[in-house]
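Here's the structure we're looking at; comments come further down.
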Amino acid sequence: MESNEPNPERLADIFESSLHLEDTHYTQGYQEGYNDGLGPGKEEGREVGLKTGFEMGEELGFYRGCIDIWNSALMVNPECFSSRVQKSVKQMDELLLKYPLSNPEDESGSDILDSLRLKFRGICASLNVKLEYNGYPKASEDF
Amino acid sequence: MMNMEDEEFELKEVSILSGHSDKVWSVSWKPTSEGSDVPSVLASCSGDKTVRIWEQTSQGSYHCKAVLDETHTRTVRSCAWSPSGRHLATASFDATTAVWEQVGDDYECVATLEGHENEVKSVSWNASGTLLATCGRDKSVWIWEMMPGNEFECVSVLQGHTQDVKMVQWHPSMDILFSCSYDNSIKVWAEDGGDDDWHCVQTLGEQNSGHTSTVWALSFNYSGDKMVTCGDDLMIKIWGFDLLKTQSGDGIAQWEHICTLSGYHDRTIFSVHWSREGIIATGAADDAIRFFIPSEDGLIDGSSYKLILRKDKAHDMDVNCVKWSSSENRQLASASDDGTVKIWTLASMHGNIK
């Protein structure tokens with residue numbers, strides 16, 4: 001017997017492509033976006049990496065320079081700084097050696113950098129000198 | 001203390017100290033040796049960039065002995081006499097802390113401590129007068145050591161607060177430092193070994209029944225086993241710790257919340273100070289000064305406090321600072337946005353039956 005009732009299964013088939021239209025387009029769009037983003041994303045990441053790496057390296061280099069000069073001064077005259085300042089210089093020296101320069105994934109780096117900054121401020125205050133790494137982020141500008 | 005509960009008090013104005021041309025932020029009584037009859041001396045500092053030294057005359061009133069106006073270039077926010085009374089330290093929004101010494105009738109700036117990035121908010125000497133602590137808007141707390149020849153060396157730069165640090169205060173007998181901040185917390189700092197290795201040993205925050213807003217000030221009782229703090233949340237909190245255990249070198253005991261005094265203030269409490277004999281004074285944004293004493297009412301352990309006096313309109317504007325005189329005469333100094341310092345005596349009203 002012929003039925004005028006539409007076969008529900010065939011109906012699903014007919015509409016299937018339109019029912020999944022959103023999904024299909026989403027997947028397609030995602031893939032296109034992903035492919036398009038891959039190139040520029042890598043490039044941007046590289047640039048941020050270079051910039052951050054440069055900044056960090058510059059700051060560490062700045063401290064290294066100061067420590068080397070202070071150490072040289074101490075070699076010429078071991079009495080030129082108080083024992084407290086000498087100890088701080090030594091601690092900064094050790095912190096710099098400990099810094100994971102070639103391993104950006106090692107998170108101890110940021111703690112070391114924080115300690116270096118505090119020690120450096122302390123030494124400068126004790127020596128009564130105004131030395132400042134130009135790229136140093138001011139605490140008050142954090143917000 | 002028992003009988004104080006049954007007394008009635010009144011606050012008598014002794015003297016009004018006018019001279020500052022802007023808000024007065026803080027006052028500090030010069031310490032006097034026990035039983036000496038030298039006149040009381042008070043330092044005050046102000047938004048007018050100056051520090052004034054006031055001396056009590058034989059008639060009891062106060063007059064300005066010196067104006068220290070040639071060093072700071074911005075608001076002087078805090079001042080503190082060293083325990084010996086030989087030095088006065090002043091902290092300024094110009095990012096420096098100055099140390100002054102009396103030379104004859106004059107005061108000379110003998111050291112300028114530079115290190116904070118910007119506004120210095122508070123300064124405090126330790127009990128022996130060898131260490132000086134400062135704090136400020138750069139969120140850091142600094143410890144300095146006074147060396148021979150008025151040289152100051154930085155002992156440590158401490159970072160831990162996440163916001164503006166409002167006040168630093170040393171423990172009255174031990175080298176333990178306390179700081180309170182816009183980040184709602186109080187931090188306790190101590191040295192590990194004798195090696196300049198200072199670090200935060202405790203943070204009293206909301207989770208320890210602490211303040212829920214800016215903590216403006218803190219003060220210790222005479223024996224140093226209790227601390228009182230106040231803040232923007234209109235609360236006064238009393239904290240206690242095991243002083244003997246800490247003194248015996250058995251590690252630093254942890255501070256614990258004892259009680260909270262709420263419902264007494266409806267504007268920010270800027271200042272709190274505990275007198276030698278145990279009276280807590282507060283100065284608040286409602287221009288009033290209040291006094292509290294421990295109360296035995298209903299509590300065996302005495303961990304309750306009651307308001308004994310509220311002096312409304314003590315000043316025309318915010319009361320920024322209240323300080324008890326170190327001598328035992330129940331004399332209190334208050335500093336206000338109205339530009340004046342007032343000297344008060346908390347007097348007992350005899351003959352009044354409760």
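Each chain of the structure tokens is named A, B, ... in the order shown, its residues numbered from 1; ligands are numbered from 1 in display order.
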Compile a residue-level contact table for chain B against chain A at a cut-off of 7 Å, reporting for every qualifying residue the shortest atom pair and its distance in Å to one decimal, with only C-alpha atoms counted, rows ordered by chain and ascending number, as a Markdown table.
| residue | atom | partner | partner_atom | distance |
| --- | --- | --- | --- | --- |
| B:Glu114 | CA | A:Ala125 | CA | 5.9 |
| B:Gly115 | CA | A:Ala125 | CA | 5.3 |
| B:Asp138 | CA | A:Ala139 | CA | 5.5 |
| B:Phe152 | CA | A:Ser126 | CA | 6.8 |
| B:Glu153 | CA | A:Ser126 | CA | 4.6 |
| B:Cys154 | CA | A:Ser126 | CA | 5.1 |
| B:Ser156 | CA | A:Gly122 | CA | 6.5 |
| B:Val157 | CA | A:Leu118 | CA | 5.8 |
Write the selection just made, keeping C-alpha atoms, as a PDB file, in the first residue's frame?
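So part27.pdb came out as:
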ATOM      1  CA  GLU B 114      66.916  57.399  49.040  1.00  0.00           C
ATOM      2  CA  GLY B 115      65.646  54.144  47.654  1.00  0.00           C
ATOM      3  CA  ASP B 138      55.974  51.360  45.579  1.00  0.00           C
ATOM      4  CA  PHE B 152      72.662  54.454  56.810  1.00  0.00           C
ATOM      5  CA  GLU B 153      72.965  51.144  55.063  1.00  0.00           C
ATOM      6  CA  CYS B 154      70.159  49.269  53.391  1.00  0.00           C
ATOM      7  CA  SER B 156      66.863  44.621  53.094  1.00  0.00           C
ATOM      8  CA  VAL B 157      64.239  45.570  50.525  1.00  0.00           C
TER       9      VAL B 157
END
**Message:** Could you pull out the helix (DSSP H, G or I) residues of segment 173-351 of chain B, going by DSSP on the backbone, and write them as a PyMOL selection string?
**Reply:** chain B and resi 206-208+243-247
Would you mind exporting all heavy atoms of the selected residues as a compact mmCIF listing (two decimals), in the first residue's frame?
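Saved file selection-v6.txt follows:
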# COMPACT_ATOMS: atom_id res chain seq x y z
N GLU B 206 42.12 38.61 55.38
CA GLU B 206 40.70 38.33 55.60
C GLU B 206 40.46 36.90 56.09
O GLU B 206 39.62 36.67 56.96
CB GLU B 206 39.96 38.54 54.28
CG GLU B 206 38.69 39.30 54.43
CD GLU B 206 38.10 39.64 53.08
OE1 GLU B 206 38.78 40.25 52.23
OE2 GLU B 206 36.94 39.25 52.87
N GLN B 207 41.25 35.96 55.57
CA GLN B 207 41.04 34.56 55.95
C GLN B 207 41.46 34.26 57.39
O GLN B 207 41.11 33.23 57.95
CB GLN B 207 41.73 33.60 54.95
CG GLN B 207 43.24 33.67 54.96
CD GLN B 207 43.78 34.82 54.12
OE1 GLN B 207 43.04 35.72 53.72
NE2 GLN B 207 45.06 34.80 53.84
N ASN B 208 42.22 35.19 58.01
CA ASN B 208 42.56 35.03 59.43
C ASN B 208 41.69 35.95 60.28
O ASN B 208 42.17 36.50 61.27
CB ASN B 208 44.03 35.37 59.71
CG ASN B 208 44.98 34.90 58.65
OD1 ASN B 208 45.21 35.58 57.65
ND2 ASN B 208 45.53 33.74 58.87
N LEU B 243 54.39 35.91 73.40
CA LEU B 243 55.63 36.70 73.46
C LEU B 243 56.76 35.89 74.09
O LEU B 243 57.89 35.90 73.61
CB LEU B 243 55.38 37.98 74.26
CG LEU B 243 56.57 38.94 74.40
CD1 LEU B 243 56.95 39.54 73.07
CD2 LEU B 243 56.27 40.03 75.41
N LEU B 244 56.44 35.16 75.16
CA LEU B 244 57.48 34.41 75.89
C LEU B 244 58.11 33.34 75.01
O LEU B 244 59.31 33.16 75.01
CB LEU B 244 56.88 33.78 77.15
CG LEU B 244 56.51 34.79 78.25
CD1 LEU B 244 55.83 34.09 79.40
CD2 LEU B 244 57.74 35.56 78.70
N LYS B 245 57.27 32.67 74.26
CA LYS B 245 57.77 31.61 73.38
C LYS B 245 58.75 32.20 72.36
O LYS B 245 59.81 31.64 72.10
CB LYS B 245 56.59 30.95 72.65
CG LYS B 245 57.01 29.77 71.80
CD LYS B 245 55.87 29.26 70.93
CE LYS B 245 56.42 28.34 69.85
NZ LYS B 245 55.51 28.13 68.76
N THR B 246 58.37 33.38 71.81
CA THR B 246 59.22 34.01 70.82
C THR B 246 60.52 34.51 71.44
O THR B 246 61.58 34.39 70.85
CB THR B 246 58.45 35.16 70.13
OG1 THR B 246 57.20 34.66 69.69
CG2 THR B 246 59.21 35.70 68.94
N GLN B 247 60.40 35.05 72.67
CA GLN B 247 61.59 35.57 73.35
C GLN B 247 62.56 34.46 73.70
O GLN B 247 63.76 34.66 73.74
CB GLN B 247 61.19 36.32 74.63
CG GLN B 247 60.78 37.76 74.35
CD GLN B 247 60.17 38.43 75.57
OE1 GLN B 247 59.70 37.76 76.47
NE2 GLN B 247 60.17 39.74 75.58
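Closest to Gly231 of chain B among B:Arg74, B:Arg267, B:His171, B:His161 is B:Arg267, based on only C-alpha atoms.
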**Message:** Give me the residues near Thr214 of chain B as a VMD selection string, where near means some atom within 10 Å (using only C-alpha atoms) and where sequence neighbours in that chain fewer than 4 positions away do not count.
**Reply:** chain B and resid 163 to 166 180 to 186 230 to 234 268 to 270
Can I get the selection written as a compact mmCIF listing (two decimals), in the first residue's frame, with C-alpha atoms?
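The resulting file, again29.txt, is shown below:
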# COMPACT_ATOMS: atom_id res chain seq x y z
CA GLN B 163 49.46 47.50 47.06
CA ASP B 164 50.52 50.75 48.71
CA VAL B 165 52.00 50.09 52.18
CA LYS B 166 50.42 52.54 54.65
CA CYS B 180 49.86 47.23 56.90
CA SER B 181 48.58 48.01 53.46
CA TYR B 182 45.94 49.04 50.96
CA ASP B 183 45.92 45.33 50.06
CA ASN B 184 43.89 44.79 53.31
CA SER B 185 46.63 42.76 54.99
CA ILE B 186 49.10 43.07 57.83
CA CYS B 230 42.26 49.71 62.30
CA GLY B 231 41.08 50.46 58.83
CA ASP B 232 38.66 51.44 56.11
CA ASP B 233 36.30 48.63 57.10
CA LEU B 234 35.39 50.62 60.27
CA THR B 268 37.36 55.35 58.12
CA ILE B 269 39.58 54.89 61.19
CA PHE B 270 42.95 56.40 60.26
**Asked** If you count only C-alpha atoms, which residues fall within 12 Å of Asp111 of chain A, apart from same-chain ones fewer than 4 positions away, as a VMD selection string?
**Response** (chain A and resid 95 to 96 98 to 100 106 to 107 115 to 118) or (chain B and resid 159)
**Asked** Which residues come within 9 Å of Leu158 of chain B, counting only C-alpha atoms, excluding same-chain residues fewer than 2 positions away, as a list in words?
**Response**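 Answer for this query is Leu118 of chain A; Lys139, Ser140, Val141, Trp142, Ile143, Ser156, Gly160, His161, Trp189, Trp198, His199 and Cys200 of chain B.
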**Request:** Return the single residue from B:Ile343, B:Cys135, B:Ile238, B:Val41 that is closest to Lys226 of chain B, with distances computed using only C-alpha atoms.
**Result:** B:Ile238
**Request:** Write out as a PyMOL selection string all residues of segment 26-197 of chain B that DSSP puts in strand (DSSP E) for this structure's backbone.
**Result:** chain B and resi 26-29+41-46+51-56+62-68+76-81+87-92+96-103+106-114+120-125+131-136+140-147+151-159+165-170+177-181+186-191
**Prompt:** So, counting only C-alpha atoms, which residue among B:Met349, B:Val322, B:Cys64, B:Leu261 is closest to Lys306 of chain B?
**Reply:**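 Answer, going by the shortest atom-to-atom distance: B:Leu261.
The gap separating atom CA of Lys51 of chain A from atom CA of Tyr30 of chain A is 29.6 Å, in Å to one decimal.
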